[in-house]
Every structure is written in C-alpha cells, then in structure tokens.
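Participant: Sending over run35.txt (compact mmCIF, C-alpha atoms).
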```txt
# COMPACT_ATOMS: atom_id res chain seq x y z
CA SER I 24 9.11 -18.35 -14.82
CA GLU I 25 11.69 -15.59 -15.07
CA TRP I 26 12.24 -15.90 -18.81
CA ARG I 27 14.15 -13.10 -20.48
CA ALA I 28 12.11 -10.86 -22.76
CA ALA I 29 13.86 -12.25 -25.85
CA GLU I 30 12.97 -15.82 -24.82
CA ILE I 31 9.33 -14.88 -24.37
CA ALA I 32 9.21 -13.19 -27.76
CA GLU I 33 10.96 -16.12 -29.44
CA ALA I 34 8.62 -18.70 -27.86
CA HIS I 35 5.57 -16.65 -28.84
CA THR I 36 6.76 -16.20 -32.44
CA TYR I 37 7.71 -19.87 -32.78
CA ALA I 38 4.39 -21.08 -31.41
CA LYS I 39 2.32 -18.75 -33.59
CA GLY I 40 4.38 -19.60 -36.67
CA ASN I 41 3.95 -23.32 -36.15
CA GLY I 42 0.26 -23.45 -35.29
CA LEU I 43 0.93 -24.09 -31.60
CA VAL I 44 -0.55 -22.47 -28.53
CA ALA I 45 1.59 -19.47 -27.69
CA PRO I 46 2.55 -18.65 -24.11
CA VAL I 47 -0.27 -16.93 -22.24
CA THR I 48 1.51 -16.11 -19.01
CA GLU I 49 4.91 -15.31 -17.57
CA GLN I 50 5.85 -15.60 -13.91
CA PRO I 51 8.34 -12.88 -12.94
CA GLN I 52 9.29 -11.44 -9.60
CA TYR I 53 7.55 -8.06 -9.28
CA SER I 54 6.77 -5.68 -6.45
CA MET I 55 6.92 -2.02 -5.52
CA LEU I 56 10.57 -2.57 -4.61
CA HIS I 57 11.51 -4.83 -7.54
CA ARG I 58 10.08 -3.16 -10.66
CA GLU I 59 12.65 -2.27 -13.26
CA ARG I 60 13.11 -5.63 -14.99
CA VAL I 61 9.38 -6.17 -15.43
CA GLU I 62 8.50 -2.61 -16.40
CA GLU I 63 11.45 -1.98 -18.71
CA GLN I 64 12.03 -5.40 -20.29
CA ILE I 65 9.19 -7.87 -19.77
CA LEU I 66 6.01 -5.80 -20.14
CA PRO I 67 7.06 -4.22 -23.45
CA VAL I 68 7.10 -7.76 -24.88
CA THR I 69 4.26 -9.45 -22.99
CA TYR I 70 1.62 -6.72 -22.85
CA PRO I 71 1.21 -6.19 -26.62
CA LYS I 72 1.04 -9.96 -27.13
CA GLY I 73 -1.68 -10.41 -24.49
CA ILE I 74 0.60 -12.44 -22.24
CA GLY I 75 -0.43 -11.93 -18.64
CA LEU I 76 1.91 -11.82 -15.67
CA VAL I 77 1.38 -13.98 -12.60
CA VAL I 78 3.91 -12.33 -10.33
CA TRP I 79 5.72 -13.76 -7.35
CA SER I 80 7.09 -12.00 -4.28
CA PRO I 81 4.66 -9.06 -4.57
CA LEU I 82 5.47 -8.25 -0.93
CA ALA I 83 9.24 -8.18 -1.59
CA MET I 84 9.91 -11.18 0.64
CA GLY I 85 7.83 -9.51 3.39
CA MET I 86 9.60 -6.16 3.29
CA LEU I 87 6.44 -4.34 2.15
CA THR I 88 4.39 -5.60 5.11
CA GLY I 89 6.11 -3.26 7.54
CA LYS I 90 7.35 -6.07 9.79
CA TYR I 91 10.93 -4.83 9.29
CA ASP I 92 10.25 -1.22 10.32
CA ASP I 93 12.21 -1.63 13.56
CA GLY I 94 14.80 -4.16 12.48
CA ILE I 95 14.80 -7.86 11.70
CA PRO I 96 12.68 -9.97 14.06
CA GLU I 97 13.81 -13.49 14.94
CA GLY I 98 12.34 -16.25 12.82
CA THR I 99 11.58 -14.01 9.83
CA ARG I 100 12.73 -14.61 6.28
CA PHE I 101 15.42 -11.92 6.54
CA ALA I 102 16.72 -13.39 9.80
CA ASN I 103 17.04 -16.78 8.13
CA ASP I 104 18.19 -15.88 4.61
CA GLU I 105 21.02 -13.44 4.11
CA ARG I 106 20.41 -13.24 0.35
CA PHE I 107 16.85 -11.88 0.77
CA LYS I 108 17.98 -9.56 3.53
CA GLU I 109 20.76 -8.11 1.36
CA THR I 110 18.35 -7.62 -1.54
CA PHE I 111 15.56 -5.79 0.26
CA PHE I 112 16.60 -4.70 3.75
CA THR I 113 18.16 -1.33 3.10
CA GLU I 114 17.75 1.92 4.98
CA ALA I 115 16.10 3.48 1.93
CA ASN I 116 13.60 0.63 1.62
CA VAL I 117 12.77 0.76 5.32
CA ARG I 118 12.00 4.47 4.95
CA ARG I 119 9.98 3.89 1.79
CA VAL I 120 7.89 1.21 3.47
CA GLN I 121 7.40 3.45 6.51
CA GLY I 122 6.28 6.21 4.14
CA LEU I 123 3.68 3.90 2.62
CA LYS I 124 2.07 3.55 6.05
CA THR I 125 0.47 6.99 5.70
CA ILE I 126 -1.36 5.93 2.55
CA ALA I 127 -2.36 2.55 3.96
CA ASP I 128 -3.65 4.16 7.16
CA ALA I 129 -5.66 6.72 5.19
CA LEU I 130 -7.28 3.86 3.25
CA ASP I 131 -7.76 1.82 6.46
CA ILE I 132 -5.79 -1.10 5.04
CA THR I 133 -2.51 -2.83 5.85
CA ARG I 134 0.68 -2.12 3.98
CA ALA I 135 0.56 -5.68 2.64
CA GLN I 136 -2.88 -4.96 1.19
CA LEU I 137 -1.58 -1.70 -0.30
CA ALA I 138 1.37 -3.46 -1.93
CA LEU I 139 -0.82 -6.22 -3.33
CA ALA I 140 -3.48 -3.80 -4.56
CA TRP I 141 -0.78 -1.78 -6.28
CA VAL I 142 0.64 -4.85 -8.06
CA LEU I 143 -2.82 -6.07 -9.08
CA ARG I 144 -3.56 -2.66 -10.60
CA GLN I 145 -0.49 -2.66 -12.85
CA PRO I 146 -1.05 -3.15 -16.58
CA GLY I 147 -0.39 -6.69 -17.71
CA VAL I 148 -0.61 -8.26 -14.25
CA SER I 149 -3.18 -11.05 -14.17
CA SER I 150 -2.61 -12.38 -10.67
CA VAL I 151 -0.15 -12.65 -7.80
CA ILE I 152 1.44 -15.53 -5.96
CA THR I 153 1.70 -14.87 -2.26
CA GLY I 154 3.15 -16.87 0.56
CA ALA I 155 1.76 -17.04 4.07
CA THR I 156 2.58 -18.79 7.30
CA LYS I 157 -0.70 -17.93 9.04
CA VAL I 158 -4.36 -18.00 8.06
CA SER I 159 -4.62 -14.34 9.08
CA GLN I 160 -2.00 -13.48 6.44
CA ILE I 161 -4.02 -15.26 3.76
CA GLU I 162 -7.16 -13.38 4.81
CA ASP I 163 -5.27 -10.08 4.84
CA ASN I 164 -3.79 -10.76 1.41
CA MET I 165 -7.13 -11.70 -0.12
CA ALA I 166 -8.72 -8.45 1.07
CA ALA I 167 -6.33 -6.58 -1.23
CA ALA I 168 -8.41 -7.64 -4.23
CA ASP I 169 -11.17 -5.27 -3.04
CA VAL I 170 -8.91 -2.26 -2.53
CA GLU I 171 -9.38 0.54 -5.03
CA LEU I 172 -6.48 2.91 -5.54
CA SER I 173 -7.12 6.31 -7.07
CA GLU I 174 -4.71 8.06 -9.42
CA GLU I 175 -3.86 10.32 -6.48
CA HIS I 176 -2.89 7.27 -4.40
CA ILE I 177 -0.74 5.93 -7.23
CA THR I 178 1.00 9.29 -7.56
CA GLN I 179 1.65 9.40 -3.81
CA ILE I 180 2.98 5.83 -3.87
CA ASP I 181 5.27 6.58 -6.81
CA GLU I 182 6.62 9.69 -5.03
CA ILE I 183 7.40 7.68 -1.90
CA LEU I 184 9.02 4.86 -3.87
CA ALA I 185 11.11 7.27 -5.95
CA SER I 186 12.46 8.98 -2.87
CA THR I 187 15.56 8.02 -0.99
CA PRO I 188 15.00 9.80 2.30
CA SER I 189 17.94 10.61 4.49
CA ALA I 190 18.15 9.31 8.03
```
If you convert what's in this file into structure tokens, what do you get?
Facilitator:
Amino acid sequence: SEWRAAEIAEAHTYAKGNGLVAPVTEQPQYSMLHRERVEEQILPVTYPKGIGLVVWSPLAMGMLTGKYDDGIPEGTRFANDERFKETFFTEANVRRVQGLKTIADALDITRAQLALAWVLRQPGVSSVITGATKVSQIEDNMAAADVELSEEHITQIDEILASTPSA
C-alpha cells in the first residue's frame, strides 16, 4: 500500500527476473480530490504492467458525500481528526462537491455513488475500499457499481473539479 512508483517497478522487475510472482495490485489513496500522485506517478508504472489498483479513501474521507456542504457536523471524521480536515475541507473543495450535486441529481444518484462510479471507471482501477458506519452507507456505496457515466458526464465532472470557484 502506498508504494512509490519506483518501488513498484523494482519489485515487478525483480520478481519477473527471478521467476517469482510479480505484484498484481497496488493500494493507493485515490479520489476525485486526491488524483495527481496516482495519475502522474503510479498509473504510468502499474497500468502497462497489468497491476491493478485497489484504491482507498475514494470518498476523500467523506468530503465527496456532500455531508460537509454546510460545515463540519459533530461526530464526523473532520470534527474528530484535524489532519483529514486540513487535507480536504477547503472552500474550493466544498464548492467542487456542491457543483457535483447537479450531475448526481441529474443521474438520480448520491454524490457518494457519483464519486465511487467515477473512481471505478478510471483506467487501472480494479476495486475500491470504502468505509461505512451504517448499513445504509454500504448499500449506497454498492449501488455505485451499477452507475454508468457517459463521456459527457466525465467531461462535466472534470470541469467542476478543475475549477476553483470564488465565494
């Protein structure tokens, strides 16, 4: 989990060169709001080698669910962990997540389902690891596997994520 690209490449080369089973999966953090490392460093190494990604925090510690649209509710991850809050709870991210609501509503899905469907659609992603505190969250998350995103949806999502709207 969270190996650097060079470590993945080295392990793969070593295993192949010594008749061993090469790595078949990597477990990085990856979401709509945490993309650069995976897309710029990890996938260029893993994808050509057939190494799948089983990503964690695909909902950006809950940020992509929309539960932080109006601030930080008591008892949530951001209320209890300053590090996660500092990483994801920014004005720009709140606006991005609010912007994603339009797409989710048009598809009649939740923003969590949209975020998970997006991750599952990315090249090289084999599966996601999600966390849940309620059965309803598990059911909601699982429904994302049936969501189909068109190229138009992906373009709209990318436009929203690339933006840094002003207040």
Participant: Just how far from atom CA of Arg58 of chain I is atom CA of Lys124 of chain I, in Å to one decimal?
Facilitator: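 Separation of atom CA of Lys124 of chain I and atom CA of Arg58 of chain I: 19.7 Å.
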Participant: Please list as a PyMOL selection string every residue within 8 Å of segment 27-29 of chain I, counting all atoms listed in the file and excluding residues in the same chain fewer than 5 positions away.
Facilitator: chain I and resi 64-65+68-69
Participant: What lies within 9 Å of segment 169-173 of chain I using only C-alpha atoms, ignoring chain neighbours under 3 positions off, as an mmCIF file with C-alpha atoms, in the coordinates of the input?
Facilitator:
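Final output, result_25.cif:
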```
data_model
loop_
_atom_site.group_PDB
_atom_site.id
_atom_site.type_symbol
_atom_site.label_atom_id
_atom_site.label_comp_id
_atom_site.auth_asym_id
_atom_site.auth_seq_id
_atom_site.Cartn_x
_atom_site.Cartn_y
_atom_site.Cartn_z
ATOM 1 C CA LEU I 130 -7.280 3.860 3.250
ATOM 2 C CA ILE I 132 -5.790 -1.100 5.040
ATOM 3 C CA GLN I 136 -2.880 -4.960 1.190
ATOM 4 C CA LEU I 137 -1.580 -1.700 -0.300
ATOM 5 C CA ALA I 140 -3.480 -3.800 -4.560
ATOM 6 C CA TRP I 141 -0.780 -1.780 -6.280
ATOM 7 C CA ARG I 144 -3.560 -2.660 -10.600
ATOM 8 C CA MET I 165 -7.130 -11.700 -0.120
ATOM 9 C CA ALA I 166 -8.720 -8.450 1.070
ATOM 10 C CA HIS I 176 -2.890 7.270 -4.400
ATOM 11 C CA ILE I 177 -0.740 5.930 -7.230
ATOM 12 C CA THR I 178 1.000 9.290 -7.560
#
```
Participant: Given all atoms listed in the file as the basis, pick out the residue of I:Thr48, I:Ser24, I:Thr99, I:Gln121 nearest to Ile74 of chain I.
Facilitator: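 Looking at the shortest contact to Ile74 of chain I, the residue is I:Thr48.
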Participant: For Ser149 of chain I, which residue out of I:Met86, I:Ile183, I:Trp79, I:Thr113 is the nearest one, using only C-alpha atoms?
Facilitator: I:Trp79
Participant: Give me the residues near Gln145 of chain I as a PyMOL selection string, where near means some atom within 12 Å (using all atoms listed in the file) and where sequence neighbours in that chain fewer than 6 positions away do not count.
Facilitator: chain I and resi 53-55+58+61-62+66+70+75-78+81+138-139+151+172+177
Participant: So which one's closest to Val120 of chain I, I:Val47, I:Ala135, I:Ala102, I:Ala167? Using only C-alpha atoms, please.
Facilitator: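 Under the stated criterion, the closest residue is I:Ala135.
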Participant: State, in Å with one decimal place, the distance from atom CA of Pro67 of chain I to atom CA of Asp181 of chain I.
Facilitator: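 Distance between the two atoms: 19.9 Å.
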Participant: Just how far from atom CA of Asp92 of chain I is atom CA of Val117 of chain I, in Å to one decimal?
Facilitator: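 Computing the Euclidean distance for atom CA of Val117 of chain I and atom CA of Asp92 of chain I yields 5.9 Å.
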Participant: Which of these, I:Ala32, I:Ile180, I:Ile95, I:Ala38, has the shortest distance to Ala127 of chain I once you count only C-alpha atoms?
Facilitator: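 Checking each candidate against Ala127 of chain I, we get I:Ile180 as the closest.
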Participant: I:Asn164, I:Ser159, I:Ser150, I:Asn103: which is nearest Arg134 of chain I, counting only C-alpha atoms?
Facilitator: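 Using only C-alpha atoms, the shortest distance to Arg134 of chain I belongs to I:Asn164.
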Participant: Name the closest residue to Ile152 of chain I among the candidates I:Leu82, I:Ala185, I:Ala168, I:Val44; distances are taken between atoms, counting only C-alpha atoms.
Facilitator: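 Looking only at the distances to Ile152 of chain I, the closest residue turns out to be I:Leu82.
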Participant: Find the spatial neighbours of Gly85 of chain I, counting all atoms listed in the file, within a cut-off of 8 Å - ignore same-chain residues fewer than 4 positions away - and output them as JSON, numbers by chain.
Facilitator: {"I": [89, 90, 100]}
